[in-house]
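Listing of run_20.pdb, PDB, C-alpha atoms and all ligand atoms
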MODEL        1
ATOM      1  CA  MET A 830       0.000   0.000   0.000
ATOM      2  CA  ILE A 831       2.623   2.475   1.199
ATOM      3  CA  LYS A 832       5.009   1.273  -1.513
ATOM      4  CA  LYS A 833       2.437   2.053  -4.182
ATOM      5  CA  HIS A 834       2.253   5.635  -3.021
ATOM      6  CA  MET A 835       6.000   6.089  -2.730
ATOM      7  CA  PRO A 836       6.536   7.612  -6.192
ATOM      8  CA  THR A 837       3.705  10.062  -5.570
ATOM      9  CA  ILE A 838       5.140  11.072  -2.198
ATOM     10  CA  ALA A 839       8.605  11.442  -3.692
ATOM     11  CA  ALA A 840       7.208  13.556  -6.522
ATOM     12  CA  LEU A 841       5.307  15.734  -4.074
ATOM     13  CA  LEU A 842       8.419  16.239  -1.946
ATOM     14  CA  LEU A 843      10.461  17.126  -4.995
ATOM     15  CA  MET A 844       7.794  19.553  -6.185
ATOM     16  CA  SER A 845       7.620  21.313  -2.833
ATOM     17  CA  ALA A 846      11.431  21.517  -2.669
ATOM     18  CA  CYS A 847      11.452  23.083  -6.147
ATOM     19  CA  THR A 848       8.718  25.531  -5.156
ATOM     20  CA  VAL A 849      10.728  26.652  -2.112
ATOM     21  CA  ALA A 850      13.861  27.041  -4.245
ATOM     22  CA  LEU A 851      11.953  28.984  -6.907
ATOM     23  CA  ALA A 852      10.301  31.214  -4.324
ATOM     24  CA  GLU A 853      13.726  31.952  -2.798
ATOM     25  CA  THR A 854      15.223  32.774  -6.189
ATOM     26  CA  ALA A 855      12.238  34.942  -7.052
ATOM     27  CA  ALA A 856      12.529  36.806  -3.743
ATOM     28  CA  LEU A 857      16.230  37.441  -4.383
ATOM     29  CA  SER A 858      15.928  38.530  -7.979
ATOM     30  CA  LYS A 859      13.202  40.886  -6.770
ATOM     31  CA  ALA A 860      15.657  42.675  -4.472
ATOM     32  CA  PRO A 861      15.618  46.239  -5.816
ATOM     33  CA  ALA A 862      18.830  47.504  -7.405
ATOM     34  CA  SER A 863      19.000  50.242  -4.764
ATOM     35  CA  GLN A 864      19.056  47.618  -1.978
ATOM     36  CA  LEU A 865      21.809  45.628  -3.708
ATOM     37  CA  GLN A 866      23.828  48.823  -4.187
ATOM     38  CA  ARG A 867      23.382  49.695  -0.517
ATOM     39  CA  GLY A 868      24.575  46.212   0.488
ATOM     40  CA  ARG A 869      27.606  46.470  -1.764
ATOM     41  CA  TYR A 870      28.415  49.893  -0.349
ATOM     42  CA  LEU A 871      28.134  48.687   3.241
ATOM     43  CA  VAL A 872      30.301  45.626   2.634
ATOM     44  CA  GLN A 873      32.932  47.982   1.225
ATOM     45  CA  VAL A 874      32.880  50.787   3.768
ATOM     46  CA  ALA A 875      32.111  48.745   6.900
ATOM     47  CA  GLY A 876      35.302  46.752   6.264
ATOM     48  CA  CYS A 877      33.776  43.303   5.744
ATOM     49  CA  ASN A 878      35.953  42.766   2.671
ATOM     50  CA  ASP A 879      39.104  43.672   4.606
ATOM     51  CA  CYS A 880      39.047  40.335   6.380
ATOM     52  CA  HIS A 881      36.430  38.193   4.611
ATOM     53  CA  THR A 882      37.841  38.630   1.075
ATOM     54  CA  PRO A 883      41.171  36.987   0.245
ATOM     55  CA  GLY A 884      43.981  39.499  -0.337
ATOM     56  CA  TYR A 885      41.667  42.521  -0.112
ATOM     57  CA  ALA A 886      43.611  44.775   2.282
ATOM     58  CA  PRO A 887      47.133  43.934   1.001
ATOM     59  CA  GLN A 888      45.963  44.527  -2.610
ATOM     60  CA  ASN A 889      44.347  47.881  -1.810
ATOM     61  CA  GLY A 890      40.881  46.518  -2.464
ATOM     62  CA  LYS A 891      41.728  45.447  -6.027
ATOM     63  CA  VAL A 892      40.120  42.019  -5.834
ATOM     64  CA  ASP A 893      37.606  40.674  -8.355
ATOM     65  CA  GLU A 894      34.086  41.095  -6.971
ATOM     66  CA  LYS A 895      33.522  37.397  -7.742
ATOM     67  CA  LEU A 896      35.794  36.666  -4.759
ATOM     68  CA  TRP A 897      34.218  39.117  -2.338
ATOM     69  CA  LEU A 898      33.228  37.616   1.011
ATOM     70  CA  THR A 899      34.423  34.111   0.139
ATOM     71  CA  GLY A 900      36.405  33.964   3.403
ATOM     72  CA  ASP A 901      40.161  33.789   3.910
ATOM     73  CA  ALA A 902      42.815  31.253   4.854
ATOM     74  CA  LEU A 903      44.882  33.983   6.540
ATOM     75  CA  GLY A 904      44.512  33.303  10.262
ATOM     76  CA  TRP A 905      44.277  35.770  13.119
ATOM     77  CA  SER A 906      46.232  34.529  16.171
ATOM     78  CA  GLY A 907      46.016  35.838  19.717
ATOM     79  CA  PRO A 908      45.067  34.762  23.225
ATOM     80  CA  TRP A 909      41.764  33.437  21.717
ATOM     81  CA  GLY A 910      43.616  30.962  19.467
ATOM     82  CA  THR A 911      43.510  31.332  15.671
ATOM     83  CA  THR A 912      40.366  32.382  13.824
ATOM     84  CA  TYR A 913      39.723  32.478  10.090
ATOM     85  CA  PRO A 914      37.288  34.888   8.428
ATOM     86  CA  THR A 915      34.190  32.875   7.548
ATOM     87  CA  ASN A 916      33.064  32.378   3.954
ATOM     88  CA  LEU A 917      29.981  34.621   4.152
ATOM     89  CA  ARG A 918      28.795  33.620   0.661
ATOM     90  CA  LEU A 919      28.349  30.034   1.872
ATOM     91  CA  LEU A 920      27.065  31.059   5.309
ATOM     92  CA  LEU A 921      24.307  33.304   3.969
ATOM     93  CA  ALA A 922      23.366  30.840   1.209
ATOM     94  CA  GLY A 923      22.245  28.539   4.020
ATOM     95  CA  MET A 924      20.187  31.143   5.896
ATOM     96  CA  SER A 925      16.867  32.883   5.380
ATOM     97  CA  GLU A 926      16.814  36.657   5.768
ATOM     98  CA  LYS A 927      15.056  36.195   9.113
ATOM     99  CA  GLN A 928      17.726  33.773  10.327
ATOM    100  CA  TRP A 929      20.422  36.234   9.258
ATOM    101  CA  LEU A 930      18.851  39.081  11.249
ATOM    102  CA  HIS A 931      18.727  36.844  14.311
ATOM    103  CA  HIS A 932      22.291  35.610  13.784
ATOM    104  CA  ALA A 933      23.681  39.109  13.219
ATOM    105  CA  ARG A 934      22.118  40.304  16.473
ATOM    106  CA  ASN A 935      23.037  37.335  18.639
ATOM    107  CA  MET A 936      26.366  35.953  17.405
ATOM    108  CA  GLU A 937      29.518  36.435  19.454
ATOM    109  CA  PRO A 938      32.343  35.228  17.257
ATOM    110  CA  ARG A 939      35.923  35.401  18.526
ATOM    111  CA  PRO A 940      38.315  38.301  17.799
ATOM    112  CA  PRO A 941      39.138  40.155  15.706
ATOM    113  CA  MET A 942      35.600  39.928  14.258
ATOM    114  CA  PRO A 943      33.870  43.250  15.120
ATOM    115  CA  TRP A 944      30.495  41.605  15.803
ATOM    116  CA  PHE A 945      29.453  44.638  17.887
ATOM    117  CA  ASN A 946      29.548  46.767  14.729
ATOM    118  CA  VAL A 947      27.290  44.334  12.894
ATOM    119  CA  ARG A 948      24.926  44.251  15.872
ATOM    120  CA  ALA A 949      24.649  48.052  15.763
ATOM    121  CA  MET A 950      23.404  48.040  12.150
ATOM    122  CA  THR A 951      19.783  48.790  11.346
ATOM    123  CA  ASP A 952      17.496  46.056  10.020
ATOM    124  CA  ALA A 953      17.550  47.782   6.625
ATOM    125  CA  ASP A 954      21.361  47.673   6.534
ATOM    126  CA  LEU A 955      21.507  44.025   7.579
ATOM    127  CA  LYS A 956      18.892  43.136   4.969
ATOM    128  CA  ALA A 957      20.857  45.003   2.299
ATOM    129  CA  ILE A 958      24.045  43.096   3.194
ATOM    130  CA  TYR A 959      22.061  39.873   3.040
ATOM    131  CA  ALA A 960      20.481  40.671  -0.343
ATOM    132  CA  TYR A 961      23.796  41.747  -1.851
ATOM    133  CA  THR A 962      25.753  38.748  -0.552
ATOM    134  CA  ARG A 963      23.059  36.318  -1.736
ATOM    135  CA  SER A 964      23.016  38.019  -5.146
ATOM    136  CA  LEU A 965      26.710  37.150  -5.560
ATOM    137  CA  GLY A 966      25.803  33.470  -5.078
ATOM    138  CA  ALA A 967      27.403  30.667  -3.052
ATOM    139  CA  ALA A 968      31.079  30.311  -3.984
ATOM    140  CA  GLY A 969      34.473  29.307  -2.649
ATOM    141  CA  VAL A 970      35.358  26.859   0.080
ATOM    142  CA  ALA A 971      34.871  26.961   3.839
ATOM    143  CA  ALA A 972      37.628  28.805   5.736
ATOM    144  CA  PRO A 973      40.058  26.653   7.770
ATOM    145  CA  ALA A 974      38.716  25.473  11.133
ATOM    146  CA  TYR A 975      39.271  27.524  14.285
ATOM    147  CA  ALA A 976      42.425  26.458  16.167
ATOM    148  CA  PRO A 977      42.130  26.797  19.983
ATOM    149  CA  PRO A 978      45.028  28.343  21.990
ATOM    150  CA  GLY A 979      48.093  26.114  22.111
ATOM    151  CA  THR A 980      47.201  24.159  18.960
ATOM    152  CA  GLN A 981      48.902  24.425  15.568
ATOM    153  CA  ALA A 982      47.272  26.901  13.181
ATOM    154  CA  SER A 983      47.148  26.046   9.475
ATOM    155  CA  GLY A 984      48.952  28.421   7.112
ATOM    156  CA  PRO A 985      50.057  32.040   7.597
ATOM    157  CA  VAL A 986      48.691  34.103  10.483
ATOM    158  CA  VAL A 987      48.529  37.707  11.653
ATOM    159  CA  ARG A 988      49.765  37.604  15.232
ATOM    160  CA  PHE A 989      48.373  39.742  18.038
ATOM    161  CA  PRO A 990      50.678  40.041  21.064
TER     162      PRO A 990
HETATM  163  C1  LIG B   1      39.281  42.374  11.408
HETATM  164  C2  LIG B   1      38.762  41.304  10.590
HETATM  165  C3  LIG B   1      37.268  41.211  10.349
HETATM  166  C4  LIG B   1      36.415  42.202   9.893
HETATM  167  C5  LIG B   1      36.719  43.656   9.606
HETATM  168  C6  LIG B   1      35.114  41.579   9.755
HETATM  169  N1  LIG B   1      35.185  40.237  10.123
HETATM  170 FE1  LIG B   1      33.602  38.951  10.261
HETATM  171  N2  LIG B   1      34.846  37.516  11.057
HETATM  172  C7  LIG B   1      36.221  37.638  11.181
HETATM  173  C8  LIG B   1      36.749  36.412  11.738
HETATM  174  C9  LIG B   1      38.212  36.105  12.007
HETATM  175  C10 LIG B   1      35.634  35.564  11.973
HETATM  176  C11 LIG B   1      35.666  34.162  12.580
HETATM  177  C12 LIG B   1      35.533  34.290  14.085
HETATM  178  C13 LIG B   1      35.509  32.961  14.811
HETATM  179  O1  LIG B   1      35.968  31.948  14.266
HETATM  180  O2  LIG B   1      35.032  32.926  15.959
HETATM  181  C14 LIG B   1      34.464  36.320  11.540
HETATM  182  C15 LIG B   1      33.170  35.845  11.638
HETATM  183  C16 LIG B   1      32.057  36.485  11.107
HETATM  184  C17 LIG B   1      30.709  35.980  11.165
HETATM  185  C18 LIG B   1      30.272  34.751  11.924
HETATM  186  C19 LIG B   1      30.180  33.574  11.061
HETATM  187  C20 LIG B   1      29.546  32.410  11.801
HETATM  188  O3  LIG B   1      30.003  31.300  11.555
HETATM  189  O4  LIG B   1      28.625  32.616  12.585
HETATM  190  C21 LIG B   1      29.917  36.854  10.473
HETATM  191  C22 LIG B   1      28.427  36.745  10.218
HETATM  192  C23 LIG B   1      30.762  37.926  10.008
HETATM  193  N3  LIG B   1      32.057  37.669  10.423
HETATM  194  C24 LIG B   1      30.321  39.001   9.270
HETATM  195  C25 LIG B   1      31.083  40.156   9.052
HETATM  196  C26 LIG B   1      30.555  41.360   8.451
HETATM  197  C27 LIG B   1      29.128  41.532   7.924
HETATM  198  C28 LIG B   1      31.570  42.273   8.452
HETATM  199  C29 LIG B   1      31.535  43.718   7.986
HETATM  200  C30 LIG B   1      30.647  44.583   8.720
HETATM  201  C31 LIG B   1      32.737  41.627   9.072
HETATM  202  N4  LIG B   1      32.393  40.350   9.389
HETATM  203  C32 LIG B   1      33.967  42.221   9.285
HETATM  204  C33 LIG B   1      36.981  38.746  10.858
HETATM  205  C34 LIG B   1      36.484  39.980  10.471
ENDMDL
END

Would you write the structure of this file as structure tokens?
Amino acid sequence: MIKKHMPTIAALLLMSACTVALAETAALSKAPASQLQRGRYLVQVAGCNDCHTPGYAPQNGKVDEKLWLTGDALGWSGPWGTTYPTNLRLLLAGMSEKQWLHHARNMEPRPPMPWFNVRAMTDADLKAIYAYTRSLGAAGVAAPAYAPPGTQASGPVVRFP
């Protein structure tokens, strides 16, 4: 009995998954150009690229936009251990706008991430950053894993005394 219905159930599940995906895409492509521009502007002037885009600060910001916010393998070492700037393109691809607002207001990542600056942003600014980052699409690989104090960090690091 159940077996007979399996293909139907599978088809229904697939259809609803597609509908969700389509609705998400539609919502994103509907983001007004002014909101995307605002997001791009904020990512630039609030310094997100400085750490979350590979080579951004050392190359005076001359990094292909395709690479923006894809995270970095340059570690930041200090008394907190070694942290690596998260790939925000992948992070936000897995979050709804609502989840992002909640995350941005409640996260407490380790240094040198200025989470307090993100928390101080208005909803409109956070939504613009979300819309812009999602419009770039998911890309790149996850940043190296956090290394706790006293453990070996992978690759080059910026060292805080
Ligand atoms: C000085 C470097 C630096 C700057 C500037 C910076 N970040 Fe970060 N960010 C980091 C590091 C390093 C981490 C990882 C922290 C950890 O592992 O605990 C991080 C983590 C995050 C996370 C948490 C990811 C998660 O897994 O929950 C978010 C979200 C984030 N950054 C967004 C931003 C945004 C938006 C901006 C611009 C307003 C920004 N960051 C600017 C270095 C930076």

Inset, instruction - Around ligand LIG 1 (chain B), at most 8 Å away and counting all atoms listed in the file, which residues are there? Put them as a PyMOL selection string, please. - result: chain A and resi 871-872+875-881+904-905+911-917+920+932-933+936-944+946-947+958+974-975

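The interatomic distance for the pair CA of Gln981 in chain A and CA of Pro887 in chain A works out to 24.4 Å.
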
Inset, instruction - Go through A:Thr882, A:Gln928, A:Trp909, A:Ala972 and flag the residue nearest Phe989 in chain A, using all atoms listed in the file for the distances. - result: A:Trp909

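From CA of Ala886 in chain A back to CA of Gly984 in chain A, the distance works out to 17.9 Å.
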
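Checking A:Leu965, A:Ala976, A:Leu955, A:Leu896 one by one against Glu926 in chain A, counting all atoms listed in the file, you find the shortest gap at A:Leu955.
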
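Distance annotation: of A:Gly868, A:Gly923, A:Pro977, A:Pro861, the residue with the minimal separation from Lys956 in chain A is A:Gly868; atom set is all atoms listed in the file.
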
Inset, instruction - Output the residue selection produced by the PyMOL selection byres (((chain A and resi 964) around 10) and not hetatm) on the file above, formatted as a PyMOL selection string. - result: chain A and resi 854+857-858+860+865+918+922+958-963+965-967

Return the padded bounding box of range 878-889 of chain A as lines of an AutoDock Vina configuration file: axis-aligned, built from all atoms listed in the file, 3 Å added on each side, with centre and edge lengths in Å to one decimal.
center_x = 41.5
center_y = 42.4
center_z = 1.9
size_x = 17.2
size_y = 16.9
size_z = 15.0

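The space between CA of Gln873 in chain A and CA of Ser983 in chain A spans 27.4 Å.
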
Inset, instruction - Excluding Pro883 in chain A and residues on its chain fewer than 2 positions from it, collect all residues at most 7 Å away from it, counting only C-alpha atoms, and give them as a list in words. - result: His881, Tyr885, Gly900 and Asp901 of chain A

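Of the listed residues (A:Lys895, A:His931, A:Arg867, A:Arg988), A:Arg867 comes nearest to Ala953 in chain A; the distances count only C-alpha atoms.
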
Inset, instruction - For each of A:Ala957, A:Leu919, A:Leu898, A:Leu930, take the minimum atom-to-atom distance to Ser863 in chain A, counting only C-alpha atoms, then give the residue where this is smallest. - result: A:Ala957
